[in-house]
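Data block for input12.cif (mmCIF, C-alpha atoms (C1' of nucleotides)):
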data_protein
loop_
_atom_site.label_atom_id
_atom_site.label_comp_id
_atom_site.auth_asym_id
_atom_site.auth_seq_id
_atom_site.Cartn_x
_atom_site.Cartn_y
_atom_site.Cartn_z
CA MET E 1 59.91 -1.17 -26.99
CA THR E 2 57.08 1.32 -26.73
CA LEU E 3 54.42 -0.20 -24.51
CA THR E 4 52.85 -3.55 -23.91
CA ARG E 5 49.43 -4.20 -25.34
CA ALA E 6 47.62 -4.74 -22.04
CA GLU E 7 49.18 -1.58 -20.67
CA ARG E 8 48.03 0.48 -23.63
CA ARG E 9 44.54 -0.95 -23.33
CA ALA E 10 44.29 -0.27 -19.62
CA ARG E 11 45.68 3.19 -20.10
CA THR E 12 43.23 4.25 -22.79
CA GLU E 13 40.40 2.69 -20.83
CA ARG E 14 41.39 4.76 -17.85
CA ARG E 15 41.57 7.84 -20.04
CA ILE E 16 38.09 7.22 -21.42
CA LEU E 17 36.66 6.69 -17.95
CA GLU E 18 38.27 9.87 -16.70
CA ALA E 19 36.80 11.89 -19.57
CA ALA E 20 33.41 10.24 -19.05
CA ARG E 21 33.39 11.02 -15.33
CA GLY E 22 34.18 14.65 -16.02
CA LEU E 23 31.47 15.06 -18.62
CA PHE E 24 28.84 13.06 -16.75
CA ALA E 25 29.54 15.13 -13.63
CA GLU E 26 29.38 18.38 -15.57
CA ARG E 27 26.44 17.77 -17.91
CA GLY E 28 24.62 14.69 -16.69
CA PHE E 29 23.86 11.50 -18.55
CA GLU E 30 21.56 12.76 -21.31
CA ARG E 31 23.65 15.74 -22.35
CA THR E 32 26.86 13.75 -22.45
CA THR E 33 27.43 12.12 -25.85
CA ILE E 34 29.71 9.21 -26.56
CA ARG E 35 31.30 11.34 -29.25
CA ALA E 36 32.15 14.02 -26.71
CA VAL E 37 33.66 11.48 -24.33
CA ALA E 38 35.68 9.95 -27.14
CA GLY E 39 36.82 13.37 -28.27
CA ALA E 40 37.92 14.36 -24.77
CA ALA E 41 39.83 11.09 -24.50
CA GLY E 42 41.40 11.52 -27.93
CA VAL E 43 39.83 8.34 -29.24
CA ASP E 44 37.29 7.11 -31.77
CA PRO E 45 33.68 6.81 -30.57
CA ALA E 46 33.56 3.21 -31.74
CA LEU E 47 36.33 2.33 -29.32
CA VAL E 48 34.24 3.51 -26.40
CA MET E 49 31.51 1.12 -27.46
CA GLN E 50 34.01 -1.68 -27.88
CA HIS E 51 35.24 -1.17 -24.34
CA PHE E 52 31.99 -0.63 -22.50
CA GLY E 53 29.30 -2.08 -24.74
CA SER E 54 26.89 0.83 -24.47
CA LYS E 55 26.55 4.33 -23.12
CA GLN E 56 24.81 2.89 -20.08
CA GLY E 57 27.70 0.49 -19.55
CA LEU E 58 30.14 3.38 -19.74
CA PHE E 59 28.13 5.27 -17.16
CA GLU E 60 28.07 2.34 -14.77
CA ARG E 61 31.82 1.82 -14.99
CA ALA E 62 32.54 5.54 -14.68
CA VAL E 63 30.45 5.75 -11.55
CA GLN E 64 31.33 2.45 -9.92
CA VAL E 65 33.69 3.83 -7.29
CA ALA E 66 31.17 6.24 -5.82
CA GLY E 67 30.23 4.04 -2.89
CA ASP E 68 33.38 4.26 -0.82
CA ASP E 69 33.50 8.01 -0.73
CA ALA E 70 29.88 8.18 0.22
CA GLU E 71 30.68 6.06 3.25
CA ARG E 72 33.60 8.26 4.12
CA LEU E 73 31.30 11.25 4.06
CA VAL E 74 29.01 9.64 6.59
CA ASP E 75 31.92 8.57 8.75
CA ASP E 76 33.02 12.16 9.04
CA LEU E 77 29.51 13.12 9.91
CA LEU E 78 28.99 10.47 12.54
CA GLY E 79 32.45 10.68 14.03
CA SER E 80 32.75 14.33 14.82
CA LEU E 81 29.85 16.11 13.20
CA GLY E 82 32.50 17.88 11.21
CA VAL E 83 30.91 17.62 7.83
CA LYS E 84 33.15 17.23 4.89
CA LEU E 85 31.80 19.53 2.24
CA GLY E 86 34.84 19.87 0.07
CA GLU E 87 35.05 18.59 -3.45
CA LEU E 88 33.25 15.33 -3.97
CA PRO E 89 34.80 12.83 -6.39
CA GLN E 90 33.55 13.21 -9.93
CA SER E 91 31.97 9.79 -9.87
CA SER E 92 29.68 10.87 -7.06
CA LEU E 93 28.94 14.15 -8.77
CA ALA E 94 28.06 12.26 -11.95
CA VAL E 95 25.45 10.19 -10.11
CA MET E 96 24.02 13.24 -8.37
CA ARG E 97 23.95 15.28 -11.57
CA SER E 98 22.02 12.57 -13.38
CA MET E 99 19.84 11.15 -10.63
CA LEU E 100 16.84 13.40 -11.30
CA THR E 101 16.56 12.61 -14.99
CA HIS E 102 18.25 9.25 -15.59
CA PRO E 103 16.32 6.32 -14.08
CA GLU E 104 19.37 4.13 -13.50
CA ALA E 105 21.26 6.96 -11.85
CA ALA E 106 18.23 7.47 -9.64
CA ALA E 107 18.29 3.81 -8.65
CA SER E 108 21.98 4.00 -7.87
CA ALA E 109 21.49 7.14 -5.80
CA ARG E 110 18.59 5.60 -3.91
CA ALA E 111 20.69 2.58 -3.07
CA THR E 112 23.57 4.72 -1.83
CA PHE E 113 21.28 6.89 0.26
CA SER E 114 19.49 3.90 1.73
CA GLY E 115 22.82 2.51 2.81
CA GLN E 116 23.76 5.82 4.40
CA ILE E 117 20.42 6.15 6.14
CA GLU E 118 20.67 2.67 7.58
CA ARG E 119 24.11 3.33 9.00
CA ILE E 120 23.14 6.68 10.47
CA ALA E 121 19.93 5.28 11.94
CA ALA E 122 21.92 2.60 13.72
CA ALA E 123 23.85 5.33 15.52
CA ILE E 124 20.79 7.28 16.64
CA GLU E 125 19.29 6.42 20.00
CA GLY E 126 15.65 6.96 20.74
CA GLY E 127 12.66 6.87 18.45
CA ASP E 128 12.26 8.00 14.88
CA ALA E 129 15.78 6.85 14.05
CA THR E 130 15.09 6.04 10.41
CA PRO E 131 13.24 9.21 9.40
CA LYS E 132 15.76 11.27 11.33
CA ALA E 133 18.61 9.56 9.54
CA ALA E 134 16.87 10.13 6.23
CA LEU E 135 16.55 13.82 6.98
CA ILE E 136 20.21 14.08 7.96
CA THR E 137 21.16 12.50 4.67
CA LEU E 138 18.89 14.82 2.73
CA VAL E 139 20.20 17.88 4.52
CA LEU E 140 23.68 16.97 3.34
CA LEU E 141 22.32 16.23 -0.12
CA GLY E 142 20.67 19.61 -0.36
CA VAL E 143 23.73 21.49 0.76
CA THR E 144 25.93 19.51 -1.61
CA ILE E 145 23.63 20.16 -4.54
CA GLY E 146 23.49 23.86 -3.82
CA HIS E 147 27.21 24.08 -3.31
CA GLN E 148 28.69 21.73 -5.89
CA LEU E 149 26.09 21.38 -8.61
CA LEU E 150 24.14 24.62 -8.61
CA ASP E 151 27.12 26.66 -7.48
CA LEU E 152 24.96 29.17 -5.62
CA ASP E 153 26.46 32.63 -5.24
CA GLU E 154 25.52 32.79 -1.58
CA LEU E 155 27.66 29.78 -0.74
CA ARG E 156 30.47 30.04 -3.26
CA ASP E 157 32.82 32.09 -1.09
CA VAL E 158 31.94 30.45 2.20
CA PRO E 159 34.79 28.14 3.25
CA PRO E 160 33.76 24.50 3.81
CA ASP E 161 34.55 24.44 7.51
CA GLU E 162 32.48 27.56 7.96
CA VAL E 163 29.56 25.74 6.38
CA ALA E 164 30.25 22.80 8.65
CA ARG E 165 30.29 25.08 11.68
CA LEU E 166 26.92 26.60 10.79
CA LEU E 167 25.44 23.23 9.97
CA ARG E 168 26.59 21.36 13.06
CA PRO E 169 23.86 22.48 15.49
CA ALA E 170 21.20 21.77 12.89
CA LEU E 171 22.46 18.23 12.42
CA GLN E 172 22.79 17.85 16.16
CA ALA E 173 19.11 18.73 16.46
CA LEU E 174 18.32 15.78 14.20
CA THR E 175 20.04 13.31 16.51
CA MET J 1 -22.98 26.42 -31.47
CA THR J 2 -20.02 24.26 -30.57
CA LEU J 3 -17.30 26.60 -29.32
CA THR J 4 -15.78 29.93 -30.18
CA ARG J 5 -12.42 29.99 -31.87
CA ALA J 6 -10.53 31.84 -29.12
CA GLU J 7 -11.99 29.46 -26.56
CA ARG J 8 -10.85 26.42 -28.48
CA ARG J 9 -7.37 27.88 -28.84
CA ALA J 10 -7.05 28.77 -25.18
CA ARG J 11 -8.38 25.39 -24.18
CA THR J 12 -5.94 23.36 -26.25
CA GLU J 13 -3.10 25.60 -25.16
CA ARG J 14 -4.00 24.90 -21.57
CA ARG J 15 -4.18 21.20 -22.34
CA ILE J 16 -0.72 21.25 -23.93
CA LEU J 17 0.77 23.15 -20.99
CA GLU J 18 -0.77 20.72 -18.55
CA ALA J 19 0.68 17.74 -20.38
CA ALA J 20 4.04 19.48 -20.65
CA ARG J 21 4.16 20.25 -16.93
CA GLY J 22 3.41 16.65 -16.09
CA LEU J 23 6.07 15.25 -18.38
CA PHE J 24 8.72 17.84 -17.52
CA ALA J 25 8.11 17.19 -13.83
CA GLU J 26 8.29 13.43 -14.31
CA ARG J 27 11.17 13.08 -16.76
CA GLY J 28 12.95 16.40 -16.92
CA PHE J 29 13.65 18.59 -19.92
CA GLU J 30 15.89 16.34 -22.00
CA ARG J 31 13.82 13.18 -21.72
CA THR J 32 10.59 14.95 -22.51
CA THR J 33 9.93 15.08 -26.26
CA ILE J 34 7.60 17.45 -28.02
CA ARG J 35 6.01 14.42 -29.62
CA ALA J 36 5.24 12.97 -26.19
CA VAL J 37 3.72 16.22 -24.98
CA ALA J 38 1.64 16.47 -28.13
CA GLY J 39 0.55 12.88 -27.77
CA ALA J 40 -0.48 13.36 -24.14
CA ALA J 41 -2.44 16.44 -25.14
CA GLY J 42 -4.06 14.66 -28.09
CA VAL J 43 -2.57 17.06 -30.58
CA ASP J 44 -0.11 17.19 -33.46
CA PRO J 45 3.52 17.99 -32.58
CA ALA J 46 3.55 20.82 -35.09
CA LEU J 47 0.82 22.58 -33.16
CA VAL J 48 3.00 22.68 -30.07
CA MET J 49 5.67 24.47 -32.06
CA GLN J 50 3.11 26.83 -33.50
CA HIS J 51 1.95 27.78 -30.03
CA PHE J 52 5.24 28.07 -28.19
CA GLY J 53 7.87 28.53 -30.89
CA SER J 54 10.34 26.00 -29.54
CA LYS J 55 10.76 23.32 -26.91
CA GLN J 56 12.53 25.87 -24.73
CA GLY J 57 9.60 28.26 -25.15
CA LEU J 58 7.22 25.52 -24.11
CA PHE J 59 9.30 24.82 -21.02
CA GLU J 60 9.36 28.48 -20.01
CA ARG J 61 5.62 28.82 -20.34
CA ALA J 62 4.95 25.55 -18.56
CA VAL J 63 7.09 26.62 -15.64
CA GLN J 64 6.22 30.29 -15.45
CA VAL J 65 3.94 30.07 -12.43
CA ALA J 66 6.53 28.48 -10.18
CA GLY J 67 7.54 31.66 -8.39
CA ASP J 68 4.47 32.29 -6.28
CA ASP J 69 4.39 28.87 -4.68
CA ALA J 70 8.05 29.09 -3.85
CA GLU J 71 7.31 32.26 -1.91
CA ARG J 72 4.43 30.63 -0.17
CA LEU J 73 6.75 27.85 0.94
CA VAL J 74 9.08 30.34 2.53
CA ASP J 75 6.23 32.20 4.15
CA ASP J 76 5.14 29.06 5.89
CA LEU J 77 8.67 28.50 6.99
CA LEU J 78 9.25 31.99 8.30
CA GLY J 79 5.86 32.42 9.84
CA SER J 80 5.62 29.39 12.05
CA LEU J 81 8.49 27.11 11.22
CA GLY J 82 5.81 24.70 10.17
CA VAL J 83 7.31 23.54 6.95
CA LYS J 84 4.98 22.75 4.13
CA LEU J 85 6.24 19.57 2.59
CA GLY J 86 3.15 18.44 0.80
CA GLU J 87 2.85 18.15 -2.93
CA LEU J 88 4.60 20.90 -4.80
CA PRO J 89 2.97 22.20 -7.99
CA GLN J 90 4.15 20.43 -11.11
CA SER J 91 5.69 23.59 -12.47
CA SER J 92 8.05 23.73 -9.49
CA LEU J 93 8.78 20.05 -9.78
CA ALA J 94 9.57 20.52 -13.47
CA VAL J 95 12.20 23.15 -12.68
CA MET J 96 13.70 21.06 -9.90
CA ARG J 97 13.72 17.92 -12.01
CA SER J 98 15.59 19.67 -14.79
CA MET J 99 17.82 22.06 -12.89
CA LEU J 100 20.81 19.73 -12.67
CA THR J 101 21.01 18.98 -16.38
CA HIS J 102 19.28 21.82 -18.23
CA PRO J 103 21.21 25.11 -18.06
CA GLU J 104 18.16 27.34 -18.32
CA ALA J 105 16.32 25.43 -15.64
CA ALA J 106 19.42 25.82 -13.47
CA ALA J 107 19.36 29.57 -14.03
CA SER J 108 15.68 29.72 -13.14
CA ALA J 109 16.24 27.66 -10.01
CA ARG J 110 19.18 29.81 -8.95
CA ALA J 111 17.09 32.94 -9.32
CA THR J 112 14.26 31.46 -7.27
CA PHE J 113 16.61 30.29 -4.54
CA SER J 114 18.42 33.62 -4.43
CA GLY J 115 15.11 35.34 -3.90
CA GLN J 116 14.24 32.93 -1.11
CA ILE J 117 17.61 33.32 0.53
CA GLU J 118 17.40 37.09 0.47
CA ARG J 119 14.00 37.07 2.11
CA ILE J 120 15.01 34.58 4.78
CA ALA J 121 18.25 36.42 5.49
CA ALA J 122 16.29 39.61 6.12
CA ALA J 123 14.42 37.83 8.90
CA ILE J 124 17.51 36.47 10.62
CA GLU J 125 19.08 38.58 13.33
CA GLY J 126 22.75 38.35 14.14
CA GLY J 127 25.69 37.52 11.94
CA ASP J 128 25.99 35.05 9.09
CA ALA J 129 22.47 35.81 7.96
CA THR J 130 23.05 35.10 4.28
CA PRO J 131 24.90 31.78 4.57
CA LYS J 132 22.43 30.67 7.21
CA ALA J 133 19.52 31.55 4.96
CA ALA J 134 21.19 29.69 2.12
CA LEU J 135 21.54 26.61 4.28
CA ILE J 136 17.91 26.77 5.36
CA THR J 137 16.86 26.91 1.74
CA LEU J 138 19.10 24.01 0.82
CA VAL J 139 17.85 21.92 3.71
CA LEU J 140 14.34 22.29 2.35
CA LEU J 141 15.61 21.59 -1.15
CA GLY J 142 17.29 18.38 -0.07
CA VAL J 143 14.25 17.13 1.79
CA THR J 144 12.00 18.01 -1.13
CA ILE J 145 14.23 16.24 -3.61
CA GLY J 146 14.41 13.13 -1.48
CA HIS J 147 10.70 13.14 -0.85
CA GLN J 148 9.14 14.29 -4.13
CA LEU J 149 11.68 13.51 -6.81
CA LEU J 150 13.65 10.53 -5.57
CA ASP J 151 10.69 9.12 -3.65
CA LEU J 152 12.90 7.54 -0.99
CA ASP J 153 11.43 4.53 0.77
CA GLU J 154 12.46 5.85 4.16
CA LEU J 155 10.31 8.94 3.80
CA ARG J 156 7.46 7.70 1.67
CA ASP J 157 5.18 6.72 4.52
CA VAL J 158 6.11 9.52 6.86
CA PRO J 159 3.30 12.08 6.95
CA PRO J 160 4.33 15.63 6.00
CA ASP J 161 3.62 17.17 9.39
CA GLU J 162 5.71 14.47 11.01
CA VAL J 163 8.60 15.50 8.77
CA ALA J 164 7.95 19.11 9.71
CA ARG J 165 8.00 18.21 13.38
CA LEU J 166 11.35 16.45 13.10
CA LEU J 167 12.80 19.20 10.98
CA ARG J 168 11.71 22.14 13.10
CA PRO J 169 14.51 22.06 15.71
CA ALA J 170 17.10 21.69 12.97
CA LEU J 171 15.80 24.75 11.15
CA GLN J 172 15.57 26.59 14.46
CA ALA J 173 19.24 25.87 14.98
CA LEU J 174 19.98 27.69 11.73
CA THR J 175 18.29 30.88 12.89
"C1'" DC O 1 60.58 -14.83 -39.61
"C1'" DA O 2 55.60 -15.97 -40.29
"C1'" DA O 3 50.90 -16.52 -38.40
"C1'" DC O 4 47.86 -14.78 -35.35
"C1'" DT O 5 45.67 -11.71 -32.21
"C1'" DT O 6 43.88 -7.31 -31.05
"C1'" DA O 7 43.63 -2.21 -30.05
"C1'" DC O 8 42.06 1.04 -32.88
"C1'" DT O 9 39.93 3.84 -36.86
"C1'" DC O 10 36.69 4.71 -40.66
"C1'" DA O 11 32.39 4.94 -42.70
"C1'" DA O 12 27.95 4.12 -42.40
"C1'" DC O 13 23.21 2.73 -40.65
"C1'" DA O 14 18.78 3.21 -38.38
"C1'" DA O 15 16.24 5.73 -35.18
"C1'" DC O 16 14.89 9.75 -33.11
"C1'" DC O 17 14.95 14.51 -32.37
"C1'" DG O 18 13.31 19.55 -33.00
"C1'" DT O 19 11.54 22.08 -36.50
"C1'" DT O 20 9.18 23.71 -40.92
"C1'" DG O 21 5.98 24.58 -44.93
"C1'" DA O 22 2.00 23.32 -47.39
"C1'" DG O 23 -2.67 22.27 -47.16
"C1'" DC O 24 -7.51 21.29 -45.18
"C1'" DG O 25 -11.73 22.44 -43.00
"C1'" DA O 26 -14.35 25.05 -39.90
"C1'" DA O 27 -15.23 29.56 -37.57
"C1'" DC O 28 -15.45 34.35 -38.74
"C1'" DA O 29 -16.56 39.00 -41.11
"C1'" DA O 30 -18.98 41.19 -45.14
"C1'" DT F 1 -23.70 33.38 -49.05
"C1'" DT F 2 -18.85 34.58 -50.36
"C1'" DG F 3 -14.32 35.46 -49.18
"C1'" DT F 4 -11.02 35.45 -45.47
"C1'" DT F 5 -8.89 34.08 -41.32
"C1'" DC F 6 -6.92 30.67 -38.53
"C1'" DG F 7 -6.58 26.40 -35.59
"C1'" DC F 8 -4.97 22.28 -36.83
"C1'" DT F 9 -2.91 18.10 -39.32
"C1'" DC F 10 0.25 15.84 -42.55
"C1'" DA F 11 4.48 14.83 -44.45
"C1'" DA F 12 8.90 15.74 -44.63
"C1'" DC F 13 13.72 17.84 -43.81
"C1'" DG F 14 18.29 18.19 -41.64
"C1'" DG F 15 20.87 17.11 -37.83
"C1'" DT F 16 22.39 14.36 -34.00
"C1'" DT F 17 22.48 10.21 -31.51
"C1'" DG F 18 23.84 5.38 -30.14
"C1'" DT F 19 25.52 1.63 -32.38
"C1'" DT F 20 27.75 -1.67 -35.82
"C1'" DG F 21 30.85 -4.16 -39.22
"C1'" DA F 22 34.76 -4.07 -42.01
"C1'" DG F 23 39.41 -2.79 -42.38
"C1'" DT F 24 44.34 -1.50 -40.74
"C1'" DA F 25 48.43 -1.45 -38.31
"C1'" DA F 26 51.02 -2.78 -34.49
"C1'" DG F 27 52.00 -6.13 -30.68
"C1'" DT F 28 52.30 -11.12 -29.64
"C1'" DT F 29 53.40 -15.98 -30.10
"C1'" DG F 30 55.46 -20.13 -32.29
#
For the file at hand, write its structure as structure tokens.
Amino acid sequence: MTLTRAERRARTERRILEAARGLFAERGFERTTIRAVAGAAGVDPALVMQHFGSKQGLFERAVQVAGDDAERLVDDLLGSLGVKLGELPQSSLAVMRSMLTHPEAAASARATFSGQIERIAAAIEGGDATPKAALITLVLLGVTIGHQLLDLDELRDVPPDEVARLLRPALQALT
Amino acid sequence: MTLTRAERRARTERRILEAARGLFAERGFERTTIRAVAGAAGVDPALVMQHFGSKQGLFERAVQVAGDDAERLVDDLLGSLGVKLGELPQSSLAVMRSMLTHPEAAASARATFSGQIERIAAAIEGGDATPKAALITLVLLGVTIGHQLLDLDELRDVPPDEVARLLRPALQALT
DNA sequence: CAACTTACTCAACAACCGTTGAGCGAACAA
DNA sequence: TTGTTCGCTCAACGGTTGTTGAGTAAGTTG
């Protein structure tokens, strides 16, 4: 026997989501077409609709797992101030890539950041905890955007732990 | 007499550019349609094409003046470490809003940031000047994105000079 | 085996997009 | 005033997009 039906379905669904994550992360929501996702997954565009209902539904499912990694990022930050600036998962990159132009991605990003800020603020003693925590989060956001999404020349060949080393005193100053 | 022909032309062109800047800054390149710009300017879509050749041409003209203000931002930073975090001009916001999804906006942003980084690096003594300057630029980018584009709750009611005050030691640590 | 379910494809629709060419009316030059 | 220029509108084209309904073949169930 070749493959059970549920297995095939789950497998193609996973393949579609993988292709969607890659394209959303690379091009953002608007510039990613359902046809392109279907093509990358070796599947008919109509099947994508049948699985996820709409392009927006596809985006939500493709991005769903972003939360956990975001928390891990903050844990690294809080625990040792050794910032993890390596490759972010594509689901997180997809949200970041789209958050400035796609309203729902913006909402998702805001929610994630608010969660981060709250957790960081709880670990800061003294006044101004919330704005400080917000700034810490945005510092990491800026560096991540420049490094992962804009791919700036000036940072491309700098190893991640070198970036972390340079950034540590600055983050310390925000605590 | 009502109005000279050149005056009328220049005036409507200015009106179109103003509408374009507002929409590009608010929605980004992809979600801004020529029809919407024309509508906001009280003009026929075809006229926009006639003036700027293409949507891309319109974007370039609408964004052209972004460079000077970017330099002013860095001057404030370098001069007194009093970071100017007030309202950025719409042309700068338009580039930022679009830079993660529109390739040409990304190129424009990269060029602006590279210029900034070079100038900041020249003012930093000691080693690691370039990566440090890059990080300073990205810190400001992150804060600006969170404040102006994402409009985070946690920063909305914090006055700009308060943000500058909190940020100053962190930027100092990167010098 | 037969009846049914379902993952999947094919072809098409309706809407919207950027873009274009023809035409109108008012400012201009003579 | 007469002829010309030109800012501007109108209507439409071709292409792409998200989305849908019918059809097919293969897995499932009895």
Selection: 9 Å around stretch 97-104 of chain J, all atoms listed in the file, excl. self and same-chain fewer than 2 positions, as an NGL selection string: (:E and (26-31 or 96-101 or 145 or 149-150)) or (:J and (24-30 or 56 or 92-95 or 106-110 or 145 or 149))
Got a sec to pull out which chain J residues are within 8 Å of chain F, counting only C-alpha atoms (C1' of nucleotides), and send them as a JSON list (two decimals) with C-alpha atoms, keeping the file's coordinate frame?
[["chain", "number", "residue", "atom", "x", "y", "z"],
["J", 5, "ARG", "CA", -12.42, 29.99, -31.87],
["J", 9, "ARG", "CA", -7.37, 27.88, -28.84],
["J", 44, "ASP", "CA", -0.11, 17.19, -33.46],
["J", 47, "LEU", "CA", 0.82, 22.58, -33.16]]
From the list J:Leu171, J:Val43, J:Ala20, J:Leu135, which residue is nearest J:Leu58 when using only C-alpha atoms?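 Residue with the minimum atom-to-atom distance to J:Leu58: J:Ala20.
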Run through the PyMOL selection byres ((chain O and resi 18) around 10) on the given coordinates and return the selected residues as a JSON list (two decimals) with C-alpha atoms (C1' of nucleotides), in the frame of the given file.
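Output file selection-v9.json follows:
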[["chain", "number", "residue", "atom", "x", "y", "z"],
["J", 33, "THR", "CA", 9.93, 15.08, -26.26],
["J", 34, "ILE", "CA", 7.60, 17.45, -28.02],
["J", 35, "ARG", "CA", 6.01, 14.42, -29.62],
["J", 45, "PRO", "CA", 3.52, 17.99, -32.58],
["J", 49, "MET", "CA", 5.67, 24.47, -32.06],
["J", 54, "SER", "CA", 10.34, 26.00, -29.54],
["J", 55, "LYS", "CA", 10.76, 23.32, -26.91],
["O", 16, "DC", "C1'", 14.89, 9.75, -33.11],
["O", 17, "DC", "C1'", 14.95, 14.51, -32.37],
["O", 19, "DT", "C1'", 11.54, 22.08, -36.50],
["O", 20, "DT", "C1'", 9.18, 23.71, -40.92],
["F", 15, "DG", "C1'", 20.87, 17.11, -37.83]]
Hey, can I get the axis-aligned box for stretch 19-24 of chain F? All listed atoms, 6 Å padding on each side, centre and edge lengths in Å to one decimal, as lines of an AutoDock Vina configuration file.
center_x = 34.9
center_y = -1.3
center_z = -37.4
size_x = 30.8
size_y = 17.8
size_z = 22.0
Calculate how many Å separate atom CA of J:Val37 from atom CA of J:Arg8, rounding to one decimal. 18.1 Å
